[in-house]
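Novice: The file below is input-v5.txt, compact mmCIF, C-alpha atoms and all ligand atoms:
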# COMPACT_ATOMS: atom_id res chain seq x y z
CA MET Q 1 2.03 -7.12 -9.11
CA ILE Q 2 4.50 -6.32 -6.40
CA SER Q 3 4.89 -3.11 -4.37
CA PRO Q 4 7.90 -3.14 -2.02
CA SER Q 5 7.35 -1.09 1.13
CA ILE Q 6 10.31 1.17 1.79
CA LEU Q 7 9.44 1.28 5.49
CA SER Q 8 12.00 -1.49 5.95
CA ALA Q 9 14.52 -0.08 3.47
CA ASP Q 10 17.98 1.08 4.54
CA PHE Q 11 17.65 4.88 4.65
CA THR Q 12 21.40 5.28 5.00
CA ASN Q 13 21.68 3.51 1.66
CA ILE Q 14 18.38 4.45 0.07
CA LYS Q 15 19.83 5.08 -3.40
CA ARG Q 16 20.98 1.48 -3.52
CA ASP Q 17 17.52 0.21 -2.49
CA PHE Q 18 15.90 2.27 -5.24
CA GLU Q 19 18.41 0.94 -7.79
CA ILE Q 20 17.42 -2.56 -6.69
CA MET Q 21 13.73 -1.75 -7.26
CA ASN Q 22 14.46 -0.08 -10.61
CA GLU Q 23 16.50 -3.04 -11.82
CA GLY Q 24 14.09 -5.57 -10.33
CA GLY Q 25 11.20 -4.13 -12.34
CA VAL Q 26 8.78 -3.77 -9.44
CA ASP Q 27 5.32 -2.42 -10.26
CA PHE Q 28 4.96 0.20 -7.52
CA VAL Q 29 6.89 1.60 -4.58
CA HIS Q 30 4.76 1.44 -1.41
CA VAL Q 31 5.31 4.52 0.75
CA ASP Q 32 4.04 4.27 4.35
CA ILE Q 33 3.24 7.61 5.99
CA MET Q 34 2.67 7.46 9.77
CA ASP Q 35 1.92 10.39 12.05
CA GLY Q 36 2.23 8.92 15.56
CA ASN Q 37 -1.47 9.67 16.06
CA TYR Q 38 -3.58 7.50 13.76
CA VAL Q 39 -0.95 4.81 14.33
CA PRO Q 40 1.58 4.53 17.19
CA ASN Q 41 4.61 5.12 14.97
CA ILE Q 42 6.12 7.99 12.96
CA SER Q 43 7.76 7.54 9.57
CA PHE Q 44 8.37 10.54 7.30
CA GLY Q 45 6.50 13.26 5.40
CA PRO Q 46 6.14 14.87 1.97
CA SER Q 47 9.60 16.46 1.84
CA ILE Q 48 11.28 13.05 2.09
CA VAL Q 49 8.85 11.65 -0.50
CA SER Q 50 9.72 14.42 -2.96
CA GLN Q 51 13.44 13.65 -2.53
CA LEU Q 52 12.82 9.94 -3.09
CA ARG Q 53 10.81 10.82 -6.22
CA LYS Q 54 14.11 11.73 -7.93
CA LEU Q 55 15.39 8.18 -7.57
CA THR Q 56 12.84 6.39 -9.74
CA THR Q 57 10.08 6.72 -12.34
CA ILE Q 58 8.11 3.84 -10.76
CA ASP Q 59 4.67 4.90 -9.50
CA PHE Q 60 4.49 5.77 -5.79
CA ASP Q 61 1.64 4.07 -3.94
CA VAL Q 62 1.29 6.30 -0.87
CA HIS Q 63 -0.44 4.73 2.14
CA LEU Q 64 -1.53 7.50 4.52
CA MET Q 65 -1.79 6.37 8.13
CA ILE Q 66 -2.46 9.88 9.41
CA GLU Q 67 -5.35 11.76 11.01
CA ASN Q 68 -7.13 14.25 8.75
CA PRO Q 69 -5.29 13.17 5.59
CA GLU Q 70 -7.33 15.74 3.61
CA ASN Q 71 -4.98 18.43 4.97
CA TYR Q 72 -1.94 16.81 3.36
CA ILE Q 73 -3.23 15.44 0.03
CA GLU Q 74 -1.93 18.36 -2.03
CA ASP Q 75 1.51 18.09 -0.38
CA PHE Q 76 1.79 14.40 -1.24
CA VAL Q 77 0.58 15.00 -4.81
CA LYS Q 78 3.25 17.69 -5.22
CA ALA Q 79 5.79 15.28 -3.70
CA GLY Q 80 5.04 12.81 -6.50
CA ALA Q 81 2.34 10.38 -5.30
CA ASN Q 82 0.58 8.43 -8.06
CA ILE Q 83 -1.89 6.54 -5.86
CA ILE Q 84 -3.04 7.81 -2.45
CA THR Q 85 -4.91 5.57 -0.03
CA VAL Q 86 -6.66 6.76 3.13
CA HIS Q 87 -8.22 4.98 6.10
CA PRO Q 88 -11.98 5.75 6.22
CA ASP Q 89 -11.87 6.34 10.00
CA SER Q 90 -9.05 8.89 9.67
CA THR Q 91 -11.07 11.44 7.70
CA ARG Q 92 -14.37 13.10 8.58
CA HIS Q 93 -15.81 13.25 5.05
CA LEU Q 94 -14.46 10.30 3.11
CA ASN Q 95 -16.27 11.07 -0.14
CA ARG Q 96 -14.87 14.61 -0.15
CA THR Q 97 -11.35 13.35 0.56
CA LEU Q 98 -11.52 10.79 -2.28
CA ASN Q 99 -12.77 13.50 -4.65
CA LEU Q 100 -9.95 15.78 -3.52
CA ILE Q 101 -7.34 13.11 -4.32
CA LYS Q 102 -8.86 12.51 -7.77
CA SER Q 103 -9.13 16.24 -8.49
CA PHE Q 104 -5.32 16.26 -8.74
CA GLY Q 105 -5.38 13.46 -11.35
CA VAL Q 106 -4.06 10.94 -8.81
CA LYS Q 107 -5.61 7.51 -8.19
CA ALA Q 108 -7.57 7.16 -4.93
CA GLY Q 109 -8.06 4.24 -2.61
CA ILE Q 110 -9.36 3.24 0.79
CA VAL Q 111 -7.71 1.03 3.40
CA ILE Q 112 -9.49 -1.61 5.49
CA ASN Q 113 -7.96 -2.60 8.84
CA PRO Q 114 -7.97 -6.24 10.01
CA ALA Q 115 -11.00 -5.84 12.34
CA GLU Q 116 -13.01 -3.78 9.86
CA ASN Q 117 -15.59 -5.17 7.46
CA LEU Q 118 -16.12 -4.30 3.81
CA ASN Q 119 -19.43 -2.42 4.27
CA VAL Q 120 -17.83 0.90 3.38
CA LEU Q 121 -17.52 -0.38 -0.21
CA GLU Q 122 -21.29 -0.06 -0.67
CA TYR Q 123 -20.95 3.70 -1.07
CA THR Q 124 -17.32 4.05 -2.12
CA LEU Q 125 -16.58 1.35 -4.69
CA SER Q 126 -17.56 3.54 -7.64
CA ASP Q 127 -15.22 6.28 -6.36
CA ILE Q 128 -12.05 4.28 -5.81
CA ASP Q 129 -9.32 2.84 -8.01
CA LEU Q 130 -7.82 0.67 -5.31
CA LEU Q 131 -8.84 -1.20 -2.18
CA LEU Q 132 -5.98 -1.77 0.26
CA ILE Q 133 -6.66 -4.64 2.64
CA MET Q 134 -4.45 -4.60 5.73
CA SER Q 135 -3.29 -8.05 6.74
CA VAL Q 136 -1.59 -6.66 9.86
CA ASN Q 137 -2.63 -3.85 12.19
CA PRO Q 138 -1.22 -0.65 10.70
CA GLY Q 139 1.80 0.98 12.29
CA PHE Q 140 4.78 -1.32 11.96
CA GLY Q 141 6.62 -3.45 9.45
CA GLY Q 142 7.69 -6.99 10.24
CA GLN Q 143 4.44 -8.26 11.81
CA ASN Q 144 2.78 -11.61 11.18
CA PHE Q 145 0.15 -12.03 8.49
CA ILE Q 146 -3.41 -12.24 9.94
CA LYS Q 147 -4.99 -15.31 8.35
CA SER Q 148 -8.60 -14.04 8.38
CA SER Q 149 -7.50 -11.50 5.76
CA LEU Q 150 -7.73 -14.28 3.16
CA THR Q 151 -11.52 -14.54 3.63
CA LYS Q 152 -11.80 -10.78 3.37
CA ILE Q 153 -9.76 -10.69 0.15
CA LYS Q 154 -12.05 -13.35 -1.38
CA LYS Q 155 -15.17 -11.39 -0.31
CA ALA Q 156 -13.75 -8.17 -1.73
CA ARG Q 157 -12.94 -9.90 -5.02
CA GLU Q 158 -16.53 -11.15 -5.19
CA ILE Q 159 -17.97 -7.67 -4.53
CA ILE Q 160 -15.71 -6.14 -7.20
CA ARG Q 161 -16.71 -8.83 -9.70
CA GLU Q 162 -20.44 -8.50 -8.96
CA ASN Q 163 -20.24 -4.74 -9.45
CA LYS Q 164 -18.18 -5.07 -12.65
CA SER Q 165 -15.64 -2.69 -11.09
CA ASN Q 166 -12.01 -2.24 -12.20
CA CYS Q 167 -10.92 -1.51 -8.63
CA LEU Q 168 -7.61 -3.18 -7.80
CA ILE Q 169 -7.08 -5.13 -4.58
CA GLU Q 170 -3.78 -4.54 -2.79
CA VAL Q 171 -2.83 -6.49 0.34
CA ASP Q 172 -0.42 -5.08 2.91
CA GLY Q 173 1.34 -6.69 5.85
CA GLY Q 174 3.23 -9.85 6.66
CA ILE Q 175 3.54 -11.01 3.07
CA LYS Q 176 6.44 -13.39 2.52
CA LEU Q 177 7.42 -15.83 -0.21
CA ASP Q 178 5.65 -18.63 1.65
CA ASN Q 179 2.20 -16.97 1.75
CA ALA Q 180 2.32 -14.73 -1.35
CA LEU Q 181 0.74 -17.27 -3.67
CA GLU Q 182 -2.17 -17.91 -1.30
CA VAL Q 183 -2.81 -14.16 -1.03
CA PHE Q 184 -2.62 -13.80 -4.80
CA ASN Q 185 -4.92 -16.78 -5.38
CA SER Q 186 -7.46 -15.33 -2.92
CA GLY Q 187 -7.89 -12.39 -5.30
CA ALA Q 188 -5.14 -9.82 -4.69
CA ASP Q 189 -3.78 -7.82 -7.63
CA ILE Q 190 -0.91 -6.11 -5.79
CA LEU Q 191 1.15 -7.50 -2.92
CA VAL Q 192 3.04 -5.18 -0.59
CA ALA Q 193 6.22 -6.64 0.89
CA GLY Q 194 8.49 -4.68 3.20
CA SER Q 195 10.54 -6.73 5.62
CA ALA Q 196 10.44 -9.78 3.32
CA ILE Q 197 12.41 -7.79 0.74
CA PHE Q 198 14.47 -5.19 2.60
CA GLY Q 199 14.97 -7.30 5.70
CA SER Q 200 16.56 -10.05 3.64
CA GLU Q 201 20.26 -10.51 2.94
CA ASN Q 202 19.69 -10.08 -0.78
CA PRO Q 203 16.73 -7.79 -1.66
CA SER Q 204 17.26 -8.17 -5.45
CA GLU Q 205 17.01 -11.92 -5.19
CA GLU Q 206 13.83 -11.63 -3.08
CA ILE Q 207 12.21 -9.36 -5.68
CA PHE Q 208 13.20 -11.84 -8.39
CA LYS Q 209 11.72 -14.73 -6.38
CA PHE Q 210 8.43 -12.84 -5.77
CA LYS Q 211 8.17 -12.07 -9.47
CA GLU Q 212 8.89 -15.68 -10.46
CA LEU Q 213 6.33 -16.97 -7.96
CA LEU Q 214 3.59 -14.66 -9.21
CA LYS Q 215 4.23 -15.24 -12.92
O1 LIG Q 301 1.43 -0.35 6.14
C1 LIG Q 301 2.30 -1.00 6.67
C2 LIG Q 301 2.35 -1.11 8.17
O2 LIG Q 301 1.38 -0.31 8.70
C3 LIG Q 301 3.39 -1.62 5.84
O3 LIG Q 301 3.14 -1.35 4.49
C4 LIG Q 301 3.51 -3.12 6.04
O4 LIG Q 301 3.58 -3.51 7.34
C5 LIG Q 301 4.66 -3.68 5.22
O5 LIG Q 301 5.64 -4.25 5.98
P1 LIG Q 301 5.84 -5.84 6.15
O6 LIG Q 301 5.82 -6.43 4.73
O7 LIG Q 301 7.14 -5.93 6.80
O8 LIG Q 301 4.68 -6.35 6.96
CO CO Q 302 1.43 0.13 4.04
Starting from the file, lay out its structure as structure tokens.
Ligand SMILES: O=C(CO)[C@H](O)[C@H](O)COP(=O)(O)O
Ligand SMILES: [Co+2]
Specialist:
Amino acid sequence: MISPSILSADFTNIKRDFEIMNEGGVDFVHVDIMDGNYVPNISFGPSIVSQLRKLTTIDFDVHLMIENPENYIEDFVKAGANIITVHPDSTRHLNRTLNLIKSFGVKAGIVINPAENLNVLEYTLSDIDLLLIMSVNPGFGGQNFIKSSLTKIKKAREIIRENKSNCLIEVDGGIKLDNALEVFNSGADILVAGSAIFGSENPSEEIFKFKELLK
């Protein structure tokens, strides 16, 4: 599955970019929320997300790169999030935050940074619907894919299989047409692609190529 990140979309022409995603039949829209504190960059908040919600019926996969995300879960649910992922080190009581997300009927996930291991899964796997593996350091679009992520994706796939879990693996950062298949074959279910799609001359064609490649 493919989840274009709108971080690299053209916000002066955002309706057009949503039409492209609607027509391209993408599986999710990846929405990156940055607070300038957990990560050294600021993107946008729930009010923008709720405006974007009017432009599509595709599920919003909301990636929270913010401190104390528990304080904003309800706002993002009201804004139209369908999946909410949080970084374990951004929230004091991870189990409580995951339960809070699910209490609104929204899917919950955790995010693993490039230098972090998968140990947190031991006591969270049964509580999550999605594991988001970062293949760049969070904060910016357009960075290079970190190769060691492939080993981590394979390990995560193995843990999920051993535990007979339905948890999906999503991979985020530096995914392009030339590494997408390797990421997919390592065990990813959902690929996030921001600059590869919206930084290209022809985003519709890029979406089509990603879909063809992953068929
Ligand atoms: O979470 C993110 C950055 O923190 C973005 O989702 C990610 O970087 C996507 O952009 P690109 O495909 O250009 O790497
Ligand atoms: Co992201």
Novice: Check which residues fall inside 9 Å of ligand CO 302 (chain Q) when counting all atoms listed in the file, and print them as a list in words.
Specialist: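 What falls inside 9 Å of ligand CO 302 (chain Q) is Ser5, Leu7, His30, Val31, Asp32, Ile33, Asp61, Val62, His63, Leu64, Met65, Leu132, Met134, Pro138, Gly139, Phe140, Gly141, Val171, Asp172, Gly173, Val192, Ala193 and Gly194 of chain Q.
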Novice: In Å, rounded to a single decimal, give me how far atom CA of Ile42 of chain Q is from atom CA of Glu206 of chain Q.
Specialist: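 Answer for the atom CA of Glu206 of chain Q to atom CA of Ile42 of chain Q separation: 26.5 Å.
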Novice: Which protein, DNA or RNA residues are at most 9 Å from (1.7, -6.5, -10.1) in the file's coordinates when you count all atoms listed in the file, listed as a ChimeraX atom specification?
Specialist: /Q:1-3,26-28,189-191,211,214
Novice: To one decimal place, how far is atom CA of Leu125 of chain Q from atom O5 of ligand LIG 301 (chain Q) in Å?
Specialist: 25.3 Å
Novice: Within 10 Å of Ser148 of chain Q, counting all atoms listed in the file, which residues show up once you throw out same-chain ones fewer than 4 positions away? Write them as a ChimeraX atom specification, please.
Specialist: /Q:114-115,135,152-153
Novice: Starting from 5 Å padding per side, set up an axis-aligned box that covers all listed atoms of ligand LIG 301 (chain Q) and hand over centre and edge lengths in Å, one decimal, as JSON.
Specialist:
{"center_x": 4.3, "center_y": -3.4, "center_z": 6.6, "size_x": 15.8, "size_y": 16.1, "size_z": 14.2}
Novice: Go through Q:Glu70, Q:Asp178, Q:Glu122, Q:Asp129 and flag the residue nearest Ser165 of chain Q, using only C-alpha atoms for the distances.
Specialist: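 Of the candidates, the smallest distance to Ser165 of chain Q is held by Q:Asp129.
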Novice: Smallest atom-to-atom distance to Glu116 of chain Q: which of Q:Leu100, Q:Pro88, Q:Ser204, Q:Asn95, using all atoms listed in the file?
Specialist: Q:Pro88
Novice: Could you list, as a ChimeraX atom specification, every residue within 12 Å of Ile73 of chain Q, counting all atoms listed in the file and ignoring same-chain residues fewer than 5 positions away?
Specialist: /Q:33,45-46,62-64,66-68,78-86,91,96-108
Novice: Once you count all atoms listed in the file, which residues end up no further than 8 Å from (12.9, 6.8, 3.7) in the file's frame, shown as a list of chain:residue names?
Specialist: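 Protein and nucleic acid residues near the point are Q:Ile6, Q:Leu7, Q:Ala9, Q:Asp10, Q:Phe11, Q:Ile14, Q:Ser43, Q:Phe44, Q:Ile48, Q:Val49, Q:Leu52.
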Novice: Set the distance at 12 Å and use only C-alpha atoms: which residues neighbour Ser149 of chain Q once local chain neighbours fewer than 5 positions away are removed? I'd like the list as a PyMOL selection string.
Specialist: chain Q and resi 112-118+132-137+144+154-156+170-175+179+182-184+186-188
Novice: Could those selected residues go to a file with C-alpha atoms, as a PDB file, keeping the file's coordinate frame?
Specialist:
ATOM      1  CA  ILE Q 112      -9.490  -1.610   5.490  1.00  0.00           C
ATOM      2  CA  ASN Q 113      -7.960  -2.600   8.840  1.00  0.00           C
ATOM      3  CA  PRO Q 114      -7.970  -6.240  10.010  1.00  0.00           C
ATOM      4  CA  ALA Q 115     -11.000  -5.840  12.340  1.00  0.00           C
ATOM      5  CA  GLU Q 116     -13.010  -3.780   9.860  1.00  0.00           C
ATOM      6  CA  ASN Q 117     -15.590  -5.170   7.460  1.00  0.00           C
ATOM      7  CA  LEU Q 118     -16.120  -4.300   3.810  1.00  0.00           C
ATOM      8  CA  LEU Q 132      -5.980  -1.770   0.260  1.00  0.00           C
ATOM      9  CA  ILE Q 133      -6.660  -4.640   2.640  1.00  0.00           C
ATOM     10  CA  MET Q 134      -4.450  -4.600   5.730  1.00  0.00           C
ATOM     11  CA  SER Q 135      -3.290  -8.050   6.740  1.00  0.00           C
ATOM     12  CA  VAL Q 136      -1.590  -6.660   9.860  1.00  0.00           C
ATOM     13  CA  ASN Q 137      -2.630  -3.850  12.190  1.00  0.00           C
ATOM     14  CA  ASN Q 144       2.780 -11.610  11.180  1.00  0.00           C
ATOM     15  CA  LYS Q 154     -12.050 -13.350  -1.380  1.00  0.00           C
ATOM     16  CA  LYS Q 155     -15.170 -11.390  -0.310  1.00  0.00           C
ATOM     17  CA  ALA Q 156     -13.750  -8.170  -1.730  1.00  0.00           C
ATOM     18  CA  GLU Q 170      -3.780  -4.540  -2.790  1.00  0.00           C
ATOM     19  CA  VAL Q 171      -2.830  -6.490   0.340  1.00  0.00           C
ATOM     20  CA  ASP Q 172      -0.420  -5.080   2.910  1.00  0.00           C
ATOM     21  CA  GLY Q 173       1.340  -6.690   5.850  1.00  0.00           C
ATOM     22  CA  GLY Q 174       3.230  -9.850   6.660  1.00  0.00           C
ATOM     23  CA  ILE Q 175       3.540 -11.010   3.070  1.00  0.00           C
ATOM     24  CA  ASN Q 179       2.200 -16.970   1.750  1.00  0.00           C
ATOM     25  CA  GLU Q 182      -2.170 -17.910  -1.300  1.00  0.00           C
ATOM     26  CA  VAL Q 183      -2.810 -14.160  -1.030  1.00  0.00           C
ATOM     27  CA  PHE Q 184      -2.620 -13.800  -4.800  1.00  0.00           C
ATOM     28  CA  SER Q 186      -7.460 -15.330  -2.920  1.00  0.00           C
ATOM     29  CA  GLY Q 187      -7.890 -12.390  -5.300  1.00  0.00           C
ATOM     30  CA  ALA Q 188      -5.140  -9.820  -4.690  1.00  0.00           C
TER      31      ALA Q 188
END
Novice: Taking into account all atoms listed in the file, which residue in the set Q:Pro4, Q:Pro69, Q:Gly25, Q:Pro203 is nearest to ligand LIG 301 (chain Q)?
Specialist: Q:Pro4
Novice: What is the distance between atom CA of Thr56 of chain Q and atom CA of Gln143 of chain Q, in Å to one decimal?
Specialist: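 Distance reported for this atom pair: 27.4 Å.
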Novice: Extract, using all atoms listed in the file, all DNA, RNA and protein residues at most 8 Å from Glu19 of chain Q, discarding same-chain residues fewer than 4 positions from it, and format them as a list in words.
Specialist: Lys15, Glu23 and Leu55 of chain Q
Novice: Nearest residue to ligand LIG 301 (chain Q) out of Q:Ser195, Q:Asn166, Q:Asn71, Q:Ser90, using all atoms listed in the file?
Specialist: Q:Ser195
Novice: Which of these, Q:Arg53, Q:Lys147, Q:Lys164, Q:Lys176, has the shortest distance to ligand LIG 301 (chain Q) once you count only C-alpha atoms and all ligand atoms?
Specialist: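 Smallest distance to ligand LIG 301 (chain Q) is found for Q:Lys176.
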Novice: Between Q:Gly36, Q:Gly199, Q:Gly109, Q:Gly142, which has the minimum distance to ligand LIG 301 (chain Q) (counting all atoms listed in the file)?
Specialist: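 Among Q:Gly36, Q:Gly199, Q:Gly109, Q:Gly142, it is Q:Gly142 that comes nearest to ligand LIG 301 (chain Q).
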